[in-house]
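Student: Dropping in query.pdb, with PDB, C-alpha atoms, pLDDT in the B column.
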```
ATOM      1  CA  MET A   1       0.000   0.000   0.000  1.00 48.00           C
ATOM      2  CA  THR A   2       2.808   2.404   0.838  1.00 52.00           C
ATOM      3  CA  GLY A   3       6.559   2.631   0.404  1.00 60.00           C
ATOM      4  CA  SER A   4       9.367   2.117   2.872  1.00 90.00           C
ATOM      5  CA  LEU A   5       8.999   5.549   4.464  1.00 97.00           C
ATOM      6  CA  VAL A   6       5.554   4.660   5.815  1.00 97.00           C
ATOM      7  CA  LEU A   7       4.368   1.332   7.229  1.00 97.00           C
ATOM      8  CA  TYR A   8       0.679   0.435   7.152  1.00 96.00           C
ATOM      9  CA  SER A   9      -1.133  -2.341   8.990  1.00 97.00           C
ATOM     10  CA  VAL A  10      -4.670  -3.156  10.154  1.00 98.00           C
ATOM     11  CA  ASN A  11      -5.708  -5.080  13.255  1.00 97.00           C
ATOM     12  CA  GLN A  12      -9.114  -5.190  14.967  1.00 97.00           C
ATOM     13  CA  ARG A  13     -10.416  -2.390  12.713  1.00 98.00           C
ATOM     14  CA  ILE A  14      -7.518  -0.140  13.763  1.00 98.00           C
ATOM     15  CA  ALA A  15      -5.164   1.026  11.006  1.00 98.00           C
ATOM     16  CA  THR A  16      -1.650   1.891  12.163  1.00 98.00           C
ATOM     17  CA  ILE A  17       0.269   4.358  10.006  1.00 98.00           C
ATOM     18  CA  CYS A  18       3.896   4.399  11.117  1.00 98.00           C
ATOM     19  CA  ILE A  19       6.494   6.913   9.956  1.00 98.00           C
ATOM     20  CA  ASN A  20       9.566   4.828   9.181  1.00 97.00           C
ATOM     21  CA  ARG A  21      12.497   7.173   8.809  1.00 96.00           C
ATOM     22  CA  PRO A  22      14.215   6.851  12.193  1.00 96.00           C
ATOM     23  CA  GLU A  23      17.712   7.434  10.805  1.00 95.00           C
ATOM     24  CA  LYS A  24      16.581  10.966   9.871  1.00 95.00           C
ATOM     25  CA  ARG A  25      14.532  11.474  13.057  1.00 97.00           C
ATOM     26  CA  ASN A  26      11.420  10.978  10.923  1.00 97.00           C
ATOM     27  CA  ALA A  27      11.988  14.378   9.323  1.00 96.00           C
ATOM     28  CA  LEU A  28       9.561  15.465   6.630  1.00 96.00           C
ATOM     29  CA  ASN A  29      10.483  15.618   2.958  1.00 95.00           C
ATOM     30  CA  PRO A  30       8.317  15.574  -0.202  1.00 95.00           C
ATOM     31  CA  ASP A  31       8.410  11.768  -0.517  1.00 96.00           C
ATOM     32  CA  LEU A  32       7.347  11.237   3.094  1.00 97.00           C
ATOM     33  CA  VAL A  33       4.585  13.847   2.815  1.00 97.00           C
ATOM     34  CA  THR A  34       3.261  12.106  -0.307  1.00 96.00           C
ATOM     35  CA  GLU A  35       3.413   8.621   1.244  1.00 96.00           C
ATOM     36  CA  LEU A  36       1.672   9.784   4.427  1.00 97.00           C
ATOM     37  CA  THR A  37      -1.092  11.433   2.409  1.00 98.00           C
ATOM     38  CA  THR A  38      -1.576   8.244   0.377  1.00 97.00           C
ATOM     39  CA  ALA A  39      -1.648   6.113   3.530  1.00 97.00           C
ATOM     40  CA  PHE A  40      -4.360   8.241   5.129  1.00 98.00           C
ATOM     41  CA  ILE A  41      -6.455   8.213   1.958  1.00 98.00           C
ATOM     42  CA  ASN A  42      -6.101   4.423   1.793  1.00 97.00           C
ATOM     43  CA  ALA A  43      -7.157   4.097   5.439  1.00 98.00           C
ATOM     44  CA  SER A  44     -10.117   6.372   4.793  1.00 97.00           C
ATOM     45  CA  GLU A  45     -11.277   4.135   1.941  1.00 97.00           C
ATOM     46  CA  ASP A  46     -10.506   0.826   3.704  1.00 97.00           C
ATOM     47  CA  GLU A  47     -13.808  -0.709   4.817  1.00 95.00           C
ATOM     48  CA  GLU A  48     -11.971  -2.814   7.407  1.00 96.00           C
ATOM     49  CA  VAL A  49     -10.763   0.344   9.182  1.00 98.00           C
ATOM     50  CA  LYS A  50     -12.736   2.369  11.713  1.00 98.00           C
ATOM     51  CA  VAL A  51      -9.998   4.213  13.660  1.00 98.00           C
ATOM     52  CA  ILE A  52      -6.473   5.258  12.637  1.00 98.00           C
ATOM     53  CA  VAL A  53      -3.355   5.528  14.803  1.00 98.00           C
ATOM     54  CA  LEU A  54      -0.373   7.611  13.642  1.00 98.00           C
ATOM     55  CA  LYS A  55       2.963   6.769  15.259  1.00 98.00           C
ATOM     56  CA  ALA A  56       6.667   6.702  14.394  1.00 98.00           C
ATOM     57  CA  ASN A  57       9.621   4.344  14.604  1.00 97.00           C
ATOM     58  CA  GLY A  58      12.661   5.438  16.601  1.00 96.00           C
ATOM     59  CA  GLY A  59      13.082   7.963  19.376  1.00 96.00           C
ATOM     60  CA  THR A  60      11.589  11.005  17.603  1.00 98.00           C
ATOM     61  CA  PHE A  61       8.007  11.440  16.409  1.00 98.00           C
ATOM     62  CA  SER A  62       9.148  13.936  13.755  1.00 98.00           C
ATOM     63  CA  ALA A  63      11.878  16.569  13.802  1.00 96.00           C
ATOM     64  CA  GLY A  64      10.224  18.760  11.180  1.00 93.00           C
ATOM     65  CA  ALA A  65      11.738  19.466   7.774  1.00 90.00           C
ATOM     66  CA  ASP A  66      14.606  17.325   6.507  1.00 89.00           C
ATOM     67  CA  LEU A  67      17.985  19.100   6.155  1.00 83.00           C
ATOM     68  CA  ALA A  68      18.399  18.293   2.455  1.00 87.00           C
ATOM     69  CA  TYR A  69      14.812  19.371   1.902  1.00 87.00           C
ATOM     70  CA  LEU A  70      15.467  22.745   3.558  1.00 85.00           C
ATOM     71  CA  GLN A  71      18.480  23.289   1.307  1.00 84.00           C
ATOM     72  CA  GLN A  72      16.429  22.448  -1.775  1.00 86.00           C
ATOM     73  CA  LEU A  73      13.741  24.953  -0.815  1.00 83.00           C
ATOM     74  CA  GLN A  74      16.246  27.778  -1.235  1.00 80.00           C
ATOM     75  CA  GLN A  75      16.761  26.811  -4.873  1.00 85.00           C
ATOM     76  CA  ASN A  76      13.052  26.529  -5.682  1.00 88.00           C
ATOM     77  CA  SER A  77      11.128  29.140  -7.611  1.00 91.00           C
ATOM     78  CA  TYR A  78       8.092  30.767  -6.023  1.00 89.00           C
ATOM     79  CA  GLU A  79       5.843  28.507  -8.096  1.00 93.00           C
ATOM     80  CA  GLU A  80       7.739  25.386  -6.942  1.00 92.00           C
ATOM     81  CA  ASN A  81       7.514  26.461  -3.311  1.00 90.00           C
ATOM     82  CA  LEU A  82       3.820  27.200  -3.774  1.00 92.00           C
ATOM     83  CA  ALA A  83       3.234  23.669  -5.104  1.00 94.00           C
ATOM     84  CA  ASP A  84       5.310  22.182  -2.286  1.00 93.00           C
ATOM     85  CA  SER A  85       3.337  24.138   0.319  1.00 94.00           C
ATOM     86  CA  GLU A  86       0.109  22.922  -1.246  1.00 96.00           C
ATOM     87  CA  ASN A  87       1.321  19.330  -0.778  1.00 96.00           C
ATOM     88  CA  LEU A  88       1.948  19.928   2.927  1.00 95.00           C
ATOM     89  CA  LYS A  89      -1.448  21.604   3.248  1.00 96.00           C
ATOM     90  CA  ARG A  90      -3.019  18.576   1.526  1.00 97.00           C
ATOM     91  CA  LEU A  91      -1.456  16.195   4.066  1.00 98.00           C
ATOM     92  CA  PHE A  92      -2.684  18.228   7.043  1.00 97.00           C
ATOM     93  CA  THR A  93      -6.175  18.778   5.643  1.00 96.00           C
ATOM     94  CA  THR A  94      -6.458  15.121   4.636  1.00 97.00           C
ATOM     95  CA  ILE A  95      -5.906  14.146   8.268  1.00 97.00           C
ATOM     96  CA  TYR A  96      -8.026  16.959   9.674  1.00 95.00           C
ATOM     97  CA  TYR A  97     -11.016  16.313   7.415  1.00 94.00           C
ATOM     98  CA  LEU A  98     -10.674  12.522   7.303  1.00 96.00           C
ATOM     99  CA  PRO A  99     -14.079  10.894   8.014  1.00 96.00           C
ATOM    100  CA  LYS A 100     -12.441   8.561  10.546  1.00 98.00           C
ATOM    101  CA  VAL A 101     -10.942   9.363  13.944  1.00 98.00           C
ATOM    102  CA  VAL A 102      -7.150   9.817  13.889  1.00 98.00           C
ATOM    103  CA  ILE A 103      -5.125   9.245  17.072  1.00 98.00           C
ATOM    104  CA  ALA A 104      -1.506  10.400  17.330  1.00 98.00           C
ATOM    105  CA  GLN A 105       0.789   8.265  19.482  1.00 98.00           C
ATOM    106  CA  VAL A 106       3.718  10.573  20.221  1.00 98.00           C
ATOM    107  CA  GLU A 107       6.666   8.749  21.802  1.00 98.00           C
ATOM    108  CA  GLY A 108       9.359  11.287  21.002  1.00 98.00           C
ATOM    109  CA  HIS A 109       9.891  14.946  20.182  1.00 98.00           C
ATOM    110  CA  ALA A 110       7.443  16.588  17.744  1.00 98.00           C
ATOM    111  CA  ILE A 111       9.042  19.706  16.309  1.00 97.00           C
ATOM    112  CA  ALA A 112       7.929  22.293  13.710  1.00 95.00           C
ATOM    113  CA  GLY A 113       6.135  20.403  10.920  1.00 94.00           C
ATOM    114  CA  GLY A 114       6.256  17.308  13.119  1.00 97.00           C
ATOM    115  CA  CYS A 115       4.375  19.204  15.810  1.00 97.00           C
ATOM    116  CA  GLY A 116       1.901  20.293  13.166  1.00 96.00           C
ATOM    117  CA  LEU A 117       1.451  16.683  12.117  1.00 97.00           C
ATOM    118  CA  ALA A 118       0.431  15.760  15.654  1.00 97.00           C
ATOM    119  CA  THR A 119      -1.716  18.871  16.055  1.00 96.00           C
ATOM    120  CA  VAL A 120      -4.035  18.009  13.158  1.00 97.00           C
ATOM    121  CA  CYS A 121      -4.904  14.624  14.685  1.00 98.00           C
ATOM    122  CA  ASP A 122      -8.160  14.321  16.632  1.00 98.00           C
ATOM    123  CA  ILE A 123      -6.742  12.755  19.800  1.00 98.00           C
ATOM    124  CA  ILE A 124      -3.103  12.968  20.898  1.00 98.00           C
ATOM    125  CA  PHE A 125      -1.404  10.666  23.393  1.00 98.00           C
ATOM    126  CA  SER A 126       2.139  11.610  24.395  1.00 98.00           C
ATOM    127  CA  VAL A 127       4.841  10.233  26.642  1.00 98.00           C
ATOM    128  CA  PRO A 128       5.971  12.745  29.309  1.00 98.00           C
ATOM    129  CA  GLU A 129       9.508  12.848  27.892  1.00 98.00           C
ATOM    130  CA  ALA A 130       8.405  14.236  24.522  1.00 98.00           C
ATOM    131  CA  ASN A 131       8.971  17.896  23.745  1.00 98.00           C
ATOM    132  CA  PHE A 132       6.822  19.924  21.380  1.00 98.00           C
ATOM    133  CA  GLY A 133       7.510  23.180  19.591  1.00 97.00           C
ATOM    134  CA  TYR A 134       7.162  25.336  16.508  1.00 97.00           C
ATOM    135  CA  THR A 135      10.758  26.492  16.005  1.00 95.00           C
ATOM    136  CA  GLU A 136      10.318  28.091  12.569  1.00 94.00           C
ATOM    137  CA  VAL A 137      11.068  31.691  13.624  1.00 95.00           C
ATOM    138  CA  LYS A 138      14.518  30.639  14.822  1.00 93.00           C
ATOM    139  CA  LEU A 139      15.287  29.530  11.264  1.00 91.00           C
ATOM    140  CA  GLY A 140      13.999  32.667   9.579  1.00 93.00           C
ATOM    141  CA  PHE A 141      10.845  30.833   8.548  1.00 93.00           C
ATOM    142  CA  VAL A 142       7.146  31.215   9.394  1.00 93.00           C
ATOM    143  CA  PRO A 143       4.836  28.536  10.917  1.00 92.00           C
ATOM    144  CA  ALA A 144       2.153  29.502   8.399  1.00 94.00           C
ATOM    145  CA  ILE A 145       0.131  26.350   7.678  1.00 95.00           C
ATOM    146  CA  VAL A 146       0.470  24.811  11.124  1.00 92.00           C
ATOM    147  CA  SER A 147      -0.666  28.050  12.801  1.00 93.00           C
ATOM    148  CA  CYS A 148      -4.089  27.698  11.178  1.00 93.00           C
ATOM    149  CA  PHE A 149      -4.652  24.473  13.092  1.00 93.00           C
ATOM    150  CA  LEU A 150      -2.885  25.506  16.311  1.00 94.00           C
ATOM    151  CA  LEU A 151      -5.218  28.490  16.704  1.00 91.00           C
ATOM    152  CA  ARG A 152      -8.179  26.123  16.619  1.00 90.00           C
ATOM    153  CA  LYS A 153      -6.873  24.303  19.676  1.00 91.00           C
ATOM    154  CA  THR A 154      -5.372  27.035  21.833  1.00 93.00           C
ATOM    155  CA  SER A 155      -5.999  30.665  22.694  1.00 93.00           C
ATOM    156  CA  GLU A 156      -4.389  33.543  20.819  1.00 94.00           C
ATOM    157  CA  THR A 157      -2.266  34.263  23.904  1.00 97.00           C
ATOM    158  CA  VAL A 158      -0.867  30.738  23.993  1.00 96.00           C
ATOM    159  CA  ALA A 159      -0.379  30.661  20.219  1.00 96.00           C
ATOM    160  CA  LYS A 160       1.643  33.877  20.319  1.00 97.00           C
ATOM    161  CA  LYS A 161       3.804  32.533  23.135  1.00 97.00           C
ATOM    162  CA  ILE A 162       4.472  29.290  21.271  1.00 96.00           C
ATOM    163  CA  LEU A 163       4.922  30.655  17.756  1.00 97.00           C
ATOM    164  CA  LEU A 164       6.770  33.909  18.436  1.00 97.00           C
ATOM    165  CA  THR A 165       9.353  32.444  20.817  1.00 97.00           C
ATOM    166  CA  GLY A 166       9.881  29.195  18.893  1.00 96.00           C
ATOM    167  CA  SER A 167      10.671  27.597  22.252  1.00 96.00           C
ATOM    168  CA  LEU A 168      10.219  23.922  23.031  1.00 98.00           C
ATOM    169  CA  PHE A 169       7.716  22.927  25.689  1.00 98.00           C
ATOM    170  CA  SER A 170       6.994  19.716  27.556  1.00 98.00           C
ATOM    171  CA  ALA A 171       4.152  17.266  27.044  1.00 98.00           C
ATOM    172  CA  GLN A 172       2.660  18.421  30.332  1.00 98.00           C
ATOM    173  CA  GLU A 173       2.698  22.022  29.114  1.00 98.00           C
ATOM    174  CA  ALA A 174       1.170  20.914  25.808  1.00 98.00           C
ATOM    175  CA  LEU A 175      -1.608  19.272  27.799  1.00 98.00           C
ATOM    176  CA  GLY A 176      -2.209  22.516  29.676  1.00 97.00           C
ATOM    177  CA  TYR A 177      -2.315  24.465  26.410  1.00 97.00           C
ATOM    178  CA  GLY A 178      -5.014  22.141  25.076  1.00 96.00           C
ATOM    179  CA  LEU A 179      -2.703  21.011  22.301  1.00 97.00           C
ATOM    180  CA  ILE A 180      -2.707  17.321  23.279  1.00 98.00           C
ATOM    181  CA  THR A 181      -5.226  15.053  25.000  1.00 98.00           C
ATOM    182  CA  PHE A 182      -3.343  12.643  27.288  1.00 98.00           C
ATOM    183  CA  VAL A 183       0.123  12.223  28.815  1.00 98.00           C
ATOM    184  CA  THR A 184       0.878   8.534  29.343  1.00 98.00           C
ATOM    185  CA  ASN A 185       3.980   6.670  30.497  1.00 98.00           C
ATOM    186  CA  LYS A 186       5.979   4.962  27.758  1.00 97.00           C
ATOM    187  CA  GLU A 187       5.358   1.545  29.291  1.00 98.00           C
ATOM    188  CA  GLU A 188       1.600   2.027  29.008  1.00 98.00           C
ATOM    189  CA  ILE A 189       1.077   4.135  25.902  1.00 98.00           C
ATOM    190  CA  ASP A 190       0.595   1.240  23.470  1.00 98.00           C
ATOM    191  CA  LEU A 191      -2.060  -0.316  25.669  1.00 98.00           C
ATOM    192  CA  LYS A 192      -3.770   3.012  26.403  1.00 98.00           C
ATOM    193  CA  VAL A 193      -3.960   3.978  22.720  1.00 98.00           C
ATOM    194  CA  THR A 194      -5.222   0.534  21.718  1.00 98.00           C
ATOM    195  CA  ASP A 195      -7.853   0.530  24.471  1.00 98.00           C
ATOM    196  CA  PHE A 196      -9.022   4.007  23.465  1.00 98.00           C
ATOM    197  CA  ALA A 197      -9.225   3.039  19.785  1.00 98.00           C
ATOM    198  CA  LEU A 198     -11.012  -0.240  20.522  1.00 98.00           C
ATOM    199  CA  ASN A 199     -13.538   1.591  22.687  1.00 98.00           C
ATOM    200  CA  LEU A 200     -14.376   3.853  19.742  1.00 98.00           C
ATOM    201  CA  CYS A 201     -14.641   0.803  17.500  1.00 97.00           C
ATOM    202  CA  THR A 202     -17.058  -1.037  19.782  1.00 97.00           C
ATOM    203  CA  GLU A 203     -18.992   1.746  21.517  1.00 97.00           C
ATOM    204  CA  ALA A 204     -19.645   4.313  18.777  1.00 97.00           C
ATOM    205  CA  SER A 205     -21.315   4.343  15.368  1.00 97.00           C
ATOM    206  CA  SER A 206     -18.979   4.969  12.412  1.00 96.00           C
ATOM    207  CA  ASN A 207     -21.457   7.404  10.913  1.00 97.00           C
ATOM    208  CA  SER A 208     -21.890   9.232  14.225  1.00 97.00           C
ATOM    209  CA  LEU A 209     -18.113   9.580  14.635  1.00 97.00           C
ATOM    210  CA  MET A 210     -17.786  10.924  11.100  1.00 96.00           C
ATOM    211  CA  VAL A 211     -20.627  13.431  11.396  1.00 96.00           C
ATOM    212  CA  THR A 212     -19.558  14.594  14.865  1.00 96.00           C
ATOM    213  CA  LYS A 213     -15.991  15.167  13.645  1.00 94.00           C
ATOM    214  CA  GLN A 214     -17.328  17.111  10.658  1.00 91.00           C
ATOM    215  CA  LEU A 215     -19.630  19.130  12.890  1.00 91.00           C
ATOM    216  CA  ILE A 216     -16.789  20.179  15.177  1.00 90.00           C
ATOM    217  CA  GLY A 217     -14.580  21.101  12.222  1.00 85.00           C
ATOM    218  CA  GLN A 218     -17.235  23.104  10.420  1.00 79.00           C
ATOM    219  CA  THR A 219     -18.586  25.057  13.378  1.00 75.00           C
ATOM    220  CA  THR A 220     -15.359  26.060  15.136  1.00 66.00           C
ATOM    221  CA  ASN A 221     -13.848  27.912  12.192  1.00 69.00           C
ATOM    222  CA  PRO A 222     -15.743  28.209   8.911  1.00 68.00           C
ATOM    223  CA  LEU A 223     -12.894  30.325   7.475  1.00 80.00           C
ATOM    224  CA  LEU A 224     -10.221  27.627   7.787  1.00 87.00           C
ATOM    225  CA  GLU A 225      -9.871  27.082   4.031  1.00 85.00           C
ATOM    226  CA  LYS A 226      -9.414  30.798   3.405  1.00 88.00           C
ATOM    227  CA  SER A 227      -6.771  30.943   6.160  1.00 91.00           C
ATOM    228  CA  LEU A 228      -4.933  27.944   4.723  1.00 92.00           C
ATOM    229  CA  SER A 229      -4.866  29.419   1.212  1.00 92.00           C
ATOM    230  CA  LEU A 230      -3.273  32.577   2.598  1.00 93.00           C
ATOM    231  CA  ALA A 231      -0.834  30.481   4.670  1.00 94.00           C
ATOM    232  CA  VAL A 232       0.328  28.552   1.594  1.00 94.00           C
ATOM    233  CA  GLN A 233       1.162  31.816  -0.179  1.00 95.00           C
ATOM    234  CA  ILE A 234       2.995  33.166   2.879  1.00 94.00           C
ATOM    235  CA  ASN A 235       4.944  29.908   3.143  1.00 93.00           C
ATOM    236  CA  ALA A 236       6.136  30.148  -0.450  1.00 92.00           C
ATOM    237  CA  ARG A 237       6.980  33.846  -0.193  1.00 93.00           C
ATOM    238  CA  VAL A 238       9.015  33.581   3.002  1.00 93.00           C
ATOM    239  CA  ARG A 239      11.109  30.750   1.558  1.00 90.00           C
ATOM    240  CA  ASP A 240      12.575  33.304  -0.848  1.00 87.00           C
ATOM    241  CA  SER A 241      13.526  35.760   1.907  1.00 92.00           C
ATOM    242  CA  GLU A 242      17.104  36.568   2.899  1.00 92.00           C
ATOM    243  CA  ASP A 243      16.355  35.674   6.525  1.00 94.00           C
ATOM    244  CA  PHE A 244      15.277  32.166   5.539  1.00 92.00           C
ATOM    245  CA  LYS A 245      18.421  31.645   3.442  1.00 88.00           C
ATOM    246  CA  LYS A 246      20.546  32.954   6.308  1.00 91.00           C
ATOM    247  CA  GLY A 247      18.753  30.730   8.816  1.00 91.00           C
ATOM    248  CA  VAL A 248      19.084  27.563   6.743  1.00 89.00           C
ATOM    249  CA  ALA A 249      22.779  28.259   6.069  1.00 87.00           C
ATOM    250  CA  SER A 250      23.473  28.604   9.797  1.00 88.00           C
ATOM    251  CA  PHE A 251      21.490  25.441  10.501  1.00 84.00           C
ATOM    252  CA  VAL A 252      23.395  23.458   7.846  1.00 80.00           C
ATOM    253  CA  ASN A 253      26.742  24.729   9.114  1.00 81.00           C
ATOM    254  CA  LYS A 254      25.712  24.260  12.757  1.00 83.00           C
ATOM    255  CA  GLU A 255      26.540  27.871  13.509  1.00 87.00           C
ATOM    256  CA  LYS A 256      24.858  30.073  16.105  1.00 87.00           C
ATOM    257  CA  ILE A 257      22.952  32.698  14.168  1.00 87.00           C
ATOM    258  CA  LYS A 258      22.808  36.308  15.321  1.00 85.00           C
ATOM    259  CA  TRP A 259      19.499  37.879  14.371  1.00 90.00           C
TER     260      TRP A 259
END
```
Can the structure from this file be put into structure tokens for me?
Tutor:
Amino acid sequence: MTGSLVLYSVNQRIATICINRPEKRNALNPDLVTELTTAFINASEDEEVKVIVLKANGGTFSAGADLAYLQQLQQNSYEENLADSENLKRLFTTIYYLPKVVIAQVEGHAIAGGCGLATVCDIIFSVPEANFGYTEVKLGFVPAIVSCFLLRKTSETVAKKILLTGSLFSAQEALGYGLITFVTNKEEIDLKVTDFALNLCTEASSNSLMVTKQLIGQTTNPLLEKSLSLAVQINARVRDSEDFKKGVASFVNKEKIKW
């Protein structure tokens, strides 16, 4: 169903989509974004699947954008960056609007785009050791697309604190911000996620879950699509800025940047 970057399996009506790029800290690149999107579409269409769990191999849930990918972005034209941003938007909206419940099982750090990937899931379980954060501003970038979803979960005050500082924060803080749902010990997280998913499978109607998820999405922010379209354009534009090029260069060379 999917390539080596994403593993897909189904058991007891629960589809598990596993990011399988541990050697790169499960960092996002165009191939991984495409494979994840395909996996979620397949799970959506799979009649044997009622609930979906997103997890990752290795010690990091996702470290955000891949280093080689960041370097490539600097060479892209505006049109290429616009198309690339649309692909990321498609992944996030596919998960967000999916007619089935999506549970994130976060067992390692979720940073930048990786934090966004967790944010768009319906229910998020995290181990206490995991850190979260949108670090884009430290790289001369803008958390454009992910901010559209973050603002649906937290207050403007919290969003400004998280996005403007680019600082990492703990799972417990993420719980307090309303960003995640549960903090669970590593020894128990598999069992807790499975029990939660199985309860949805056995105690709730598929149609009711779908309609309730749609209802929440449609009533909390009817302007989401307009916001996302603007975010995609901002994403592409900022990638051509001098600050972004300076930030990526310092990141590649492991140098402390002076803004």
Student: Just want the 9 Å neighbourhood of Gly178 (chain A), counted on only C-alpha atoms, with same-chain residues fewer than 4 positions away dropped. Output as a ChimeraX atom specification.
Tutor: /A:153-155,173-174
Student: Any chance you could work out the residue set of the PyMOL selection byres ((chain A and resi 111-128) around 8) here, as an MDAnalysis selection string?
Tutor: chainID A and resid 27:28 61:65 92:93 95:96 101:110 129:136 143 146 149:150 170:172 179:186 189 193
Student: Which residues match the PyMOL selection byres ((chain A and resi 17) around 8) in the file above, as a ChimeraX atom specification?
Tutor: /A:6-9,15-16,18-19,36,39-40,52-55
Student: Could the residues in this selection be saved with C-alpha atoms as a CSV table (one decimal), in the coordinates of the input?
Tutor:
```
chain,number,residue,atom,x,y,z
A,6,VAL,CA,5.6,4.7,5.8
A,7,LEU,CA,4.4,1.3,7.2
A,8,TYR,CA,0.7,0.4,7.2
A,9,SER,CA,-1.1,-2.3,9.0
A,15,ALA,CA,-5.2,1.0,11.0
A,16,THR,CA,-1.6,1.9,12.2
A,18,CYS,CA,3.9,4.4,11.1
A,19,ILE,CA,6.5,6.9,10.0
A,36,LEU,CA,1.7,9.8,4.4
A,39,ALA,CA,-1.6,6.1,3.5
A,40,PHE,CA,-4.4,8.2,5.1
A,52,ILE,CA,-6.5,5.3,12.6
A,53,VAL,CA,-3.4,5.5,14.8
A,54,LEU,CA,-0.4,7.6,13.6
A,55,LYS,CA,3.0,6.8,15.3
```
Student: Out of A:Ala56, A:Val51, A:Ile41, A:Val137, which residue has the shortest atom-to-atom distance to Asp195 (chain A) when counting only C-alpha atoms?
Tutor: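 Using only C-alpha atoms, Asp195 (chain A) sits closest to A:Val51.
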Student: Between CA of Gln74 (chain A) and CA of Val248 (chain A), what is the spacing in Å?
Tutor: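 Here the two named atoms are 8.5 Å from each other.
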Student: Let me know the residues the PyMOL selection byres ((chain A and resi 217) around 12) catches in the file above, as a list in words.
Tutor: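 With the PyMOL selection byres ((chain A and resi 217) around 12) on this model, the match is Thr93, Ile95, Tyr96, Tyr97, Leu98, Pro99, Val120, Cys121, Asp122, Phe149, Arg152, Lys153, Met210, Val211, Thr212, Lys213, Gln214, Leu215, Ile216, Gln218, Thr219, Thr220, Asn221, Pro222, Leu223, Leu224 and Glu225 of chain A.
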Student: Work out how far apart CA of Glu242 (chain A) and CA of Thr157 (chain A) are and give it in Å to one decimal.
Tutor: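 That distance, rounded to one decimal, is 28.7 Å.
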Student: So what do you get for CA of Thr60 (chain A) versus CA of Leu5 (chain A), distance-wise?
Tutor: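 Here the two named atoms are 14.5 Å from each other.
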Student: Counting only C-alpha atoms, figure out which residue out of A:Asp84, A:Asp46, A:Glu79, A:Glu255 gets nearest to Thr34 (chain A).
Tutor: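 Closest candidate: A:Asp84.
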Student: From the options A:Lys226, A:Lys160, A:Lys50, A:Lys89, which residue's atoms come nearest to Glu203 (chain A), counting all atoms listed in the file?
Tutor: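 The answer is A:Lys50, which sits nearest to Glu203 (chain A).
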Student: From the options A:Ile162, A:Asp31, A:Ser4, A:Val49, which residue's atoms come nearest to Cys201 (chain A), counting all atoms listed in the file?
Tutor: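 Checking each of A:Ile162, A:Asp31, A:Ser4, A:Val49 against Cys201 (chain A), counting all atoms listed in the file, the winner is A:Val49.
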Student: Quick one: axis-aligned box around all listed atoms of region 14-22 of chain A, 4 Å on every side, centre and edge lengths in Å to one decimal, written as lines of an AutoDock Vina configuration file.
Tutor:
```
center_x = 3.3
center_y = 3.5
center_z = 11.3
size_x = 29.7
size_y = 15.3
size_z = 13.0
```
Student: Which is closest to Ile14 (chain A) among A:Asn199, A:Lys245, A:Thr38, A:Val142, if we use all atoms listed in the file?
Tutor: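 Of the candidates, the smallest distance to Ile14 (chain A) is held by A:Asn199.
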Student: Using only C-alpha atoms, pick whichever of A:Gln233, A:Ser241, A:Thr165, A:Asn253 has the shortest atom-to-atom distance to Ala83 (chain A).
Tutor: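 Once distances to Ala83 (chain A) are computed over only C-alpha atoms, the minimum belongs to A:Gln233.
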